[in-house]
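Source file: protein00.cif; contents: mmCIF, C-alpha atoms.
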```
data_run
#
loop_
_atom_site.group_PDB
_atom_site.id
_atom_site.type_symbol
_atom_site.label_atom_id
_atom_site.label_comp_id
_atom_site.auth_asym_id
_atom_site.auth_seq_id
_atom_site.Cartn_x
_atom_site.Cartn_y
_atom_site.Cartn_z
ATOM 1 C CA MET A 29 60.940 47.237 -19.579
ATOM 2 C CA THR A 30 63.440 47.224 -16.818
ATOM 3 C CA GLY A 31 66.798 47.107 -18.632
ATOM 4 C CA PRO A 32 68.887 49.887 -20.103
ATOM 5 C CA GLN A 33 67.091 51.895 -22.645
ATOM 6 C CA TRP A 34 68.373 52.734 -26.069
ATOM 7 C CA PRO A 35 69.535 56.382 -25.955
ATOM 8 C CA GLY A 36 67.740 57.288 -29.143
ATOM 9 C CA PRO A 37 69.076 58.817 -32.275
ATOM 10 C CA VAL A 38 72.414 60.480 -31.867
ATOM 11 C CA TRP A 39 72.701 62.308 -35.170
ATOM 12 C CA PRO A 40 70.593 64.309 -36.097
ATOM 13 C CA GLY A 41 68.418 64.835 -33.101
ATOM 14 C CA PRO A 42 68.006 66.784 -29.924
ATOM 15 C CA GLY A 43 70.397 66.554 -27.036
ATOM 16 C CA PRO A 44 74.135 66.445 -26.895
ATOM 17 C CA GLN A 45 75.840 65.878 -30.197
ATOM 18 C CA PRO A 46 79.019 63.932 -30.785
ATOM 19 C CA PRO A 47 82.167 66.010 -31.036
ATOM 20 C CA SER A 48 82.990 67.037 -34.545
ATOM 21 C CA TRP A 49 86.339 67.163 -36.188
ATOM 22 C CA PRO A 50 88.188 70.372 -35.441
ATOM 23 C CA GLY A 51 88.159 72.921 -38.212
ATOM 24 C CA PRO A 52 91.198 74.523 -39.684
ATOM 25 C CA PRO A 53 93.030 76.930 -37.392
ATOM 26 C CA PRO A 54 91.991 80.547 -37.752
ATOM 27 C CA ALA A 55 94.004 82.557 -40.217
ATOM 28 C CA PRO A 56 96.564 84.732 -38.451
ATOM 29 C CA LYS A 57 95.974 88.455 -38.536
ATOM 30 C CA PRO A 58 98.178 90.041 -41.146
ATOM 31 C CA GLU A 59 101.047 91.975 -39.680
ATOM 32 C CA ARG A 60 100.926 95.743 -39.898
ATOM 33 C CA GLY A 61 103.734 96.991 -42.067
ATOM 34 C CA PRO A 62 105.831 100.065 -41.490
ATOM 35 C CA ARG A 63 104.007 103.378 -41.268
ATOM 36 C CA PRO A 64 103.623 104.717 -44.825
ATOM 37 C CA ASP A 65 104.635 108.224 -45.814
ATOM 38 C CA ASP A 66 100.992 109.146 -46.464
ATOM 39 C CA VAL A 67 100.096 108.525 -42.813
ATOM 40 C CA LYS A 68 103.094 110.600 -41.714
ATOM 41 C CA LEU A 69 102.063 113.408 -44.075
ATOM 42 C CA SER A 70 98.462 113.253 -42.867
ATOM 43 C CA VAL A 71 99.537 113.557 -39.232
ATOM 44 C CA GLN A 72 101.870 116.462 -40.032
ATOM 45 C CA LEU A 73 99.090 118.264 -41.878
ATOM 46 C CA TRP A 74 96.723 117.658 -38.961
ATOM 47 C CA ILE A 75 99.243 119.231 -36.581
ATOM 48 C CA PHE A 76 99.394 122.264 -38.885
ATOM 49 C CA VAL A 77 95.575 122.376 -38.972
ATOM 50 C CA ILE A 78 95.365 122.266 -35.166
ATOM 51 C CA VAL A 79 97.872 125.111 -34.795
ATOM 52 C CA CYS A 80 96.223 127.298 -37.465
ATOM 53 C CA SER A 81 92.705 126.675 -36.179
ATOM 54 C CA THR A 82 93.720 127.431 -32.603
ATOM 55 C CA ILE A 83 95.371 130.686 -33.687
ATOM 56 C CA ALA A 84 92.258 131.648 -35.671
ATOM 57 C CA ARG A 85 89.848 130.901 -32.811
ATOM 58 C CA ILE A 86 91.973 132.810 -30.265
ATOM 59 C CA ALA A 87 92.287 135.744 -32.681
ATOM 60 C CA GLU A 88 88.524 135.659 -33.149
ATOM 61 C CA ALA A 89 87.952 135.710 -29.385
ATOM 62 C CA LEU A 90 90.352 138.649 -29.052
ATOM 63 C CA SER A 91 88.741 140.571 -31.919
ATOM 64 C CA VAL A 92 85.278 140.287 -30.377
ATOM 65 C CA ARG A 93 86.361 141.794 -27.040
ATOM 66 C CA GLY A 94 84.863 145.249 -26.648
ATOM 67 C CA SER A 95 83.098 145.118 -30.016
ATOM 68 C CA ARG A 96 79.834 146.847 -30.782
ATOM 69 C CA GLU A 97 78.122 143.486 -31.392
ATOM 70 C CA LEU A 98 79.130 142.239 -27.961
ATOM 71 C CA ARG A 99 77.823 145.434 -26.321
ATOM 72 C CA GLU A 100 74.514 145.002 -28.181
ATOM 73 C CA ALA A 101 74.280 141.396 -27.013
ATOM 74 C CA TYR A 102 74.892 142.508 -23.418
ATOM 75 C CA ALA A 103 72.208 145.200 -23.713
ATOM 76 C CA GLU A 104 69.767 142.617 -25.083
ATOM 77 C CA ILE A 105 70.489 140.277 -22.181
ATOM 78 C CA ARG A 106 69.930 143.110 -19.706
ATOM 79 C CA LYS A 107 66.560 143.913 -21.331
ATOM 80 C CA THR A 108 65.358 140.305 -21.180
ATOM 81 C CA ASP A 109 66.377 139.796 -17.530
ATOM 82 C CA GLY A 110 63.092 141.376 -16.398
ATOM 83 C CA ASP A 111 62.519 141.223 -12.629
ATOM 84 C CA ARG A 112 65.304 138.731 -12.013
ATOM 85 C CA PRO A 113 68.635 139.959 -10.740
ATOM 86 C CA PRO A 114 71.063 140.270 -13.638
ATOM 87 C CA VAL A 115 73.468 137.402 -14.177
ATOM 88 C CA PHE A 116 76.211 139.774 -15.256
ATOM 89 C CA GLN A 117 76.422 142.955 -13.200
ATOM 90 C CA THR A 118 78.744 144.726 -15.628
ATOM 91 C CA PHE A 119 79.698 144.507 -19.260
ATOM 92 C CA GLU A 120 83.257 143.626 -18.254
ATOM 93 C CA SER A 121 82.132 140.526 -16.355
ATOM 94 C CA PHE A 122 80.033 139.467 -19.362
ATOM 95 C CA GLU A 123 82.944 140.057 -21.727
ATOM 96 C CA ASN A 124 85.475 138.241 -19.523
ATOM 97 C CA THR A 125 83.166 135.257 -19.086
ATOM 98 C CA LEU A 126 82.624 134.874 -22.829
ATOM 99 C CA PHE A 127 86.328 135.317 -23.565
ATOM 100 C CA THR A 128 87.318 132.727 -20.955
ATOM 101 C CA MET A 129 84.720 130.268 -22.246
ATOM 102 C CA ALA A 130 85.936 130.726 -25.823
ATOM 103 C CA ILE A 131 89.561 130.087 -24.837
ATOM 104 C CA VAL A 132 88.698 127.052 -22.685
ATOM 105 C CA VAL A 133 86.536 125.489 -25.408
ATOM 106 C CA THR A 134 89.245 126.152 -28.010
ATOM 107 C CA VAL A 135 91.908 124.488 -25.862
ATOM 108 C CA LEU A 136 89.677 121.490 -25.044
ATOM 109 C CA VAL A 137 88.781 120.936 -28.697
ATOM 110 C CA ALA A 138 92.452 121.231 -29.685
ATOM 111 C CA ILE A 139 93.407 118.639 -27.056
ATOM 112 C CA GLY A 140 90.640 116.309 -28.262
ATOM 113 C CA VAL A 141 91.778 116.564 -31.870
ATOM 114 C CA CYS A 142 95.399 116.011 -30.767
ATOM 115 C CA VAL A 143 94.312 112.764 -29.107
ATOM 116 C CA LEU A 144 92.534 111.683 -32.303
ATOM 117 C CA VAL A 145 95.625 112.494 -34.380
ATOM 118 C CA TYR A 146 97.845 110.530 -31.981
ATOM 119 C CA LEU A 147 95.529 107.513 -32.181
ATOM 120 C CA ASN A 148 95.565 107.902 -35.961
ATOM 121 C CA TRP A 149 99.371 107.815 -35.810
ATOM 122 C CA LEU A 150 99.136 104.557 -33.839
ATOM 123 C CA GLY A 151 96.955 103.021 -36.555
ATOM 124 C CA GLN A 152 93.455 103.123 -35.075
ATOM 125 C CA ALA A 153 91.204 102.883 -38.125
ATOM 126 C CA TRP A 154 88.150 104.546 -36.540
ATOM 127 C CA THR A 155 90.059 107.798 -36.023
ATOM 128 C CA ARG A 156 90.094 108.442 -39.765
ATOM 129 C CA ILE A 157 86.313 108.775 -39.731
ATOM 130 C CA ALA A 158 86.314 110.945 -36.600
ATOM 131 C CA LEU A 159 88.969 113.196 -38.139
ATOM 132 C CA GLN A 160 86.931 113.456 -41.345
ATOM 133 C CA LEU A 161 84.049 114.785 -39.253
ATOM 134 C CA VAL A 162 86.399 117.320 -37.659
ATOM 135 C CA ALA A 163 87.665 118.199 -41.152
ATOM 136 C CA GLY A 164 84.132 119.138 -42.174
ATOM 137 C CA PHE A 165 83.988 121.717 -39.379
ATOM 138 C CA VAL A 166 87.443 123.057 -40.261
ATOM 139 C CA VAL A 167 86.400 123.526 -43.893
ATOM 140 C CA MET A 168 83.166 125.197 -42.767
ATOM 141 C CA PHE A 169 85.103 127.657 -40.579
ATOM 142 C CA GLY A 170 87.475 128.287 -43.494
ATOM 143 C CA ILE A 171 84.603 129.130 -45.822
ATOM 144 C CA LEU A 172 82.902 131.339 -43.229
ATOM 145 C CA SER A 173 86.154 133.216 -42.609
ATOM 146 C CA PHE A 174 85.975 134.702 -46.101
ATOM 147 C CA GLY A 175 83.322 137.047 -44.693
ATOM 148 C CA THR A 176 85.471 138.490 -41.922
ATOM 149 C CA ASP A 177 87.519 141.665 -42.118
ATOM 150 C CA ASP A 178 90.151 140.464 -39.652
ATOM 151 C CA PRO A 179 93.114 138.847 -41.447
ATOM 152 C CA LEU A 180 94.296 137.233 -38.184
ATOM 153 C CA VAL A 181 91.097 135.188 -38.257
ATOM 154 C CA ALA A 182 90.727 134.678 -42.011
ATOM 155 C CA VAL A 183 94.243 133.652 -43.061
ATOM 156 C CA PRO A 184 94.791 130.853 -40.497
ATOM 157 C CA SER A 185 91.247 129.559 -41.047
ATOM 158 C CA ILE A 186 91.706 129.389 -44.821
ATOM 159 C CA LEU A 187 95.146 127.779 -44.480
ATOM 160 C CA ALA A 188 93.698 125.209 -42.077
ATOM 161 C CA ALA A 189 90.835 124.450 -44.481
ATOM 162 C CA VAL A 190 93.237 123.867 -47.373
ATOM 163 C CA ALA A 191 95.598 121.751 -45.252
ATOM 164 C CA VAL A 192 92.786 119.625 -43.842
ATOM 165 C CA VAL A 193 91.733 118.618 -47.361
ATOM 166 C CA GLY A 194 95.277 117.375 -47.948
ATOM 167 C CA ALA A 195 95.275 115.572 -44.593
ATOM 168 C CA VAL A 196 92.062 113.727 -45.434
ATOM 169 C CA ILE A 197 93.296 112.786 -48.916
ATOM 170 C CA ALA A 198 96.626 111.525 -47.543
ATOM 171 C CA GLY A 199 94.846 109.648 -44.762
ATOM 172 C CA ASN A 200 92.651 107.810 -47.264
ATOM 173 C CA SER A 201 95.276 106.777 -49.805
ATOM 174 C CA ARG A 202 95.705 103.117 -50.706
ATOM 175 C CA GLU A 203 98.880 102.836 -48.609
ATOM 176 C CA SER A 204 97.157 104.413 -45.614
ATOM 177 C CA LEU A 205 94.180 102.087 -45.900
ATOM 178 C CA GLU A 206 96.526 99.086 -46.008
ATOM 179 C CA TYR A 207 98.254 100.374 -42.880
ATOM 180 C CA PHE A 208 94.996 100.865 -40.979
ATOM 181 C CA LYS A 209 93.446 97.557 -42.073
ATOM 182 C CA PRO A 210 96.173 95.124 -43.122
ATOM 183 C CA GLY A 211 94.935 92.603 -45.666
ATOM 184 C CA ALA A 212 91.736 94.552 -46.439
ATOM 185 C CA THR A 213 92.908 96.066 -49.735
ATOM 186 C CA SER A 214 94.396 94.224 -52.645
#
```
Translate the structure of the given file into C-alpha cells.
Amino acid sequence: MTGPQWPGPVWPGPGPQPPSWPGPPPAPKPERGPRPDDVKLSVQLWIFVIVCSTIARIAEALSVRGSRELREAYAEIRKTDGDRPPVFQTFESFENTLFTMAIVVTVLVAIGVCVLVYLNWLGQAWTRIALQLVAGFVVMFGILSFGTDDPLVAVPSILAAVAVVGAVIAGNSRESLEYFKPGATS
C-alpha cells in the first residue's frame, strides 16, 4: 500500500487526543475579610506572653549566678576533665559563659516567637500550629515554676502560662479560622 494510511482510532486510543472543551473557570479565592477581634486579642496576648517569659528566663539566669548548684556543677566538670586541660580555668569564666548563653538563647527564642506572631497577624495559617507548639513549652515552664522559690521566676512564668491558654483559644475561634482560611468554615 503506497497511499496515505488511515491514522487509526482517534478516541479512545493511544497518541495525541483531540482537544476537549474547556472546563469552567476556577472558582476565585474568597477574599480575606477584616482582621477579627479574636486575632487581635490573640496577638496581644502573645506579646504579653513573650514579655513575661523573657522576664522569667532572665530572672532565672540571674538567680542561678553564684548558686551552690552551679558551683557543684563546675566542681563535677573539673573532676571529669581528667588529663585534659580544663575548658574553664575559673568558676567565673564558667558562670559568665553559662549566663551569656542563657541570655542569647532567650533573646533568640523571643525574636523567633515575635516573627511567628507577626506572621500570625498577617494571616499565615501555619503559624497557629507553630504557636500552639510554643504554647506547650510556655505552659510546661509555668507548671515547673510552681516548684521554685524565686517569685521573679514563678510569677511571670505562671502569668505567661495563663495568658498563652487565652491566646490559643482566641487564635482558634470560629472568626479566627475564617480569617486564616477564608471559605473553609461555614
### Task
Please evaluate the PyMOL selection byres ((chain A and resi 60-73) around 7) against the displayed coordinates and give the resulting residues as a ChimeraX atom specification.
/A:58-59,74-77,145,149,191-192,195-196,198-199,203-204,207,210
Please, could you write that set of residues out with C-alpha atoms as a PDB file, in the frame of the given file?
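Full text of out-v5.pdb as output:
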```pdb
ATOM      1  CA  PRO A  58      98.178  90.041 -41.146  1.00  0.00           C
ATOM      2  CA  GLU A  59     101.047  91.975 -39.680  1.00  0.00           C
ATOM      3  CA  TRP A  74      96.723 117.658 -38.961  1.00  0.00           C
ATOM      4  CA  ILE A  75      99.243 119.231 -36.581  1.00  0.00           C
ATOM      5  CA  PHE A  76      99.394 122.264 -38.885  1.00  0.00           C
ATOM      6  CA  VAL A  77      95.575 122.376 -38.972  1.00  0.00           C
ATOM      7  CA  VAL A 145      95.625 112.494 -34.380  1.00  0.00           C
ATOM      8  CA  TRP A 149      99.371 107.815 -35.810  1.00  0.00           C
ATOM      9  CA  ALA A 191      95.598 121.751 -45.252  1.00  0.00           C
ATOM     10  CA  VAL A 192      92.786 119.625 -43.842  1.00  0.00           C
ATOM     11  CA  ALA A 195      95.275 115.572 -44.593  1.00  0.00           C
ATOM     12  CA  VAL A 196      92.062 113.727 -45.434  1.00  0.00           C
ATOM     13  CA  ALA A 198      96.626 111.525 -47.543  1.00  0.00           C
ATOM     14  CA  GLY A 199      94.846 109.648 -44.762  1.00  0.00           C
ATOM     15  CA  GLU A 203      98.880 102.836 -48.609  1.00  0.00           C
ATOM     16  CA  SER A 204      97.157 104.413 -45.614  1.00  0.00           C
ATOM     17  CA  TYR A 207      98.254 100.374 -42.880  1.00  0.00           C
ATOM     18  CA  PRO A 210      96.173  95.124 -43.122  1.00  0.00           C
TER      19      PRO A 210
END
```
### Task
Starting from the shown file, work through the PyMOL selection byres ((chain A and resi 127) around 12) and note down what comes out as a ChimeraX atom specification.
/A:85-94,98,120-126,128-134
Output for the residues just chosen: C-alpha atoms as an mmCIF file, keeping the file's coordinate frame:
```
data_model
loop_
_atom_site.group_PDB
_atom_site.id
_atom_site.type_symbol
_atom_site.label_atom_id
_atom_site.label_comp_id
_atom_site.auth_asym_id
_atom_site.auth_seq_id
_atom_site.Cartn_x
_atom_site.Cartn_y
_atom_site.Cartn_z
ATOM 1 C CA ARG A 85 89.848 130.901 -32.811
ATOM 2 C CA ILE A 86 91.973 132.810 -30.265
ATOM 3 C CA ALA A 87 92.287 135.744 -32.681
ATOM 4 C CA GLU A 88 88.524 135.659 -33.149
ATOM 5 C CA ALA A 89 87.952 135.710 -29.385
ATOM 6 C CA LEU A 90 90.352 138.649 -29.052
ATOM 7 C CA SER A 91 88.741 140.571 -31.919
ATOM 8 C CA VAL A 92 85.278 140.287 -30.377
ATOM 9 C CA ARG A 93 86.361 141.794 -27.040
ATOM 10 C CA GLY A 94 84.863 145.249 -26.648
ATOM 11 C CA LEU A 98 79.130 142.239 -27.961
ATOM 12 C CA GLU A 120 83.257 143.626 -18.254
ATOM 13 C CA SER A 121 82.132 140.526 -16.355
ATOM 14 C CA PHE A 122 80.033 139.467 -19.362
ATOM 15 C CA GLU A 123 82.944 140.057 -21.727
ATOM 16 C CA ASN A 124 85.475 138.241 -19.523
ATOM 17 C CA THR A 125 83.166 135.257 -19.086
ATOM 18 C CA LEU A 126 82.624 134.874 -22.829
ATOM 19 C CA THR A 128 87.318 132.727 -20.955
ATOM 20 C CA MET A 129 84.720 130.268 -22.246
ATOM 21 C CA ALA A 130 85.936 130.726 -25.823
ATOM 22 C CA ILE A 131 89.561 130.087 -24.837
ATOM 23 C CA VAL A 132 88.698 127.052 -22.685
ATOM 24 C CA VAL A 133 86.536 125.489 -25.408
ATOM 25 C CA THR A 134 89.245 126.152 -28.010
#
```
### Message
Could you tell me how far CA of Ile197 (chain A) sits from CA of Lys57 (chain A), in Å to one decimal place?
### Response
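The value is 26.6 Å.
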#### Entry: Reference answer for the PyMOL selection byres ((chain A and resi 183) around 9), as a ChimeraX atom specification
/A:80,84,170,173-174,178-182,184-188
What are the centre and the three edge lengths of an axis-aligned box that wraps all atoms of region 149-168 of chain A in the file, given that 6 Å is added to every side, written as AutoDock Vina command-line options and rounded to one decimal in Å?
```
--center_x 91.3 --center_y 114.0 --center_z -38.9 --size_x 28.2 --size_y 34.3 --size_z 22.1
```
### Query
If you measure from CA of Lys209 (chain A) to CA of Val137 (chain A), what distance in Å do you get, rounded to one decimal?
27.3 Å
### Task
Mind giving me the straight-line distance from CA of Gly164 (chain A) to CA of Ile139 (chain A) in Å, one decimal?
17.7 Å
### Pick from A:Val135, A:Ala55, A:Leu159, A:Ala103 nearest to Ile83 (chain A), counting all atoms listed in the file
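Between A:Val135, A:Ala55, A:Leu159, A:Ala103, the residue approaching Ile83 (chain A) most closely is A:Val135.
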#### Entry: From A:Thr155, A:Gln117, A:Asn200, A:Thr108, residue lying nearest Val143 (chain A) [all atoms listed in the file]
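Nearest candidate to Val143 (chain A) out of A:Thr155, A:Gln117, A:Asn200, A:Thr108: A:Thr155.
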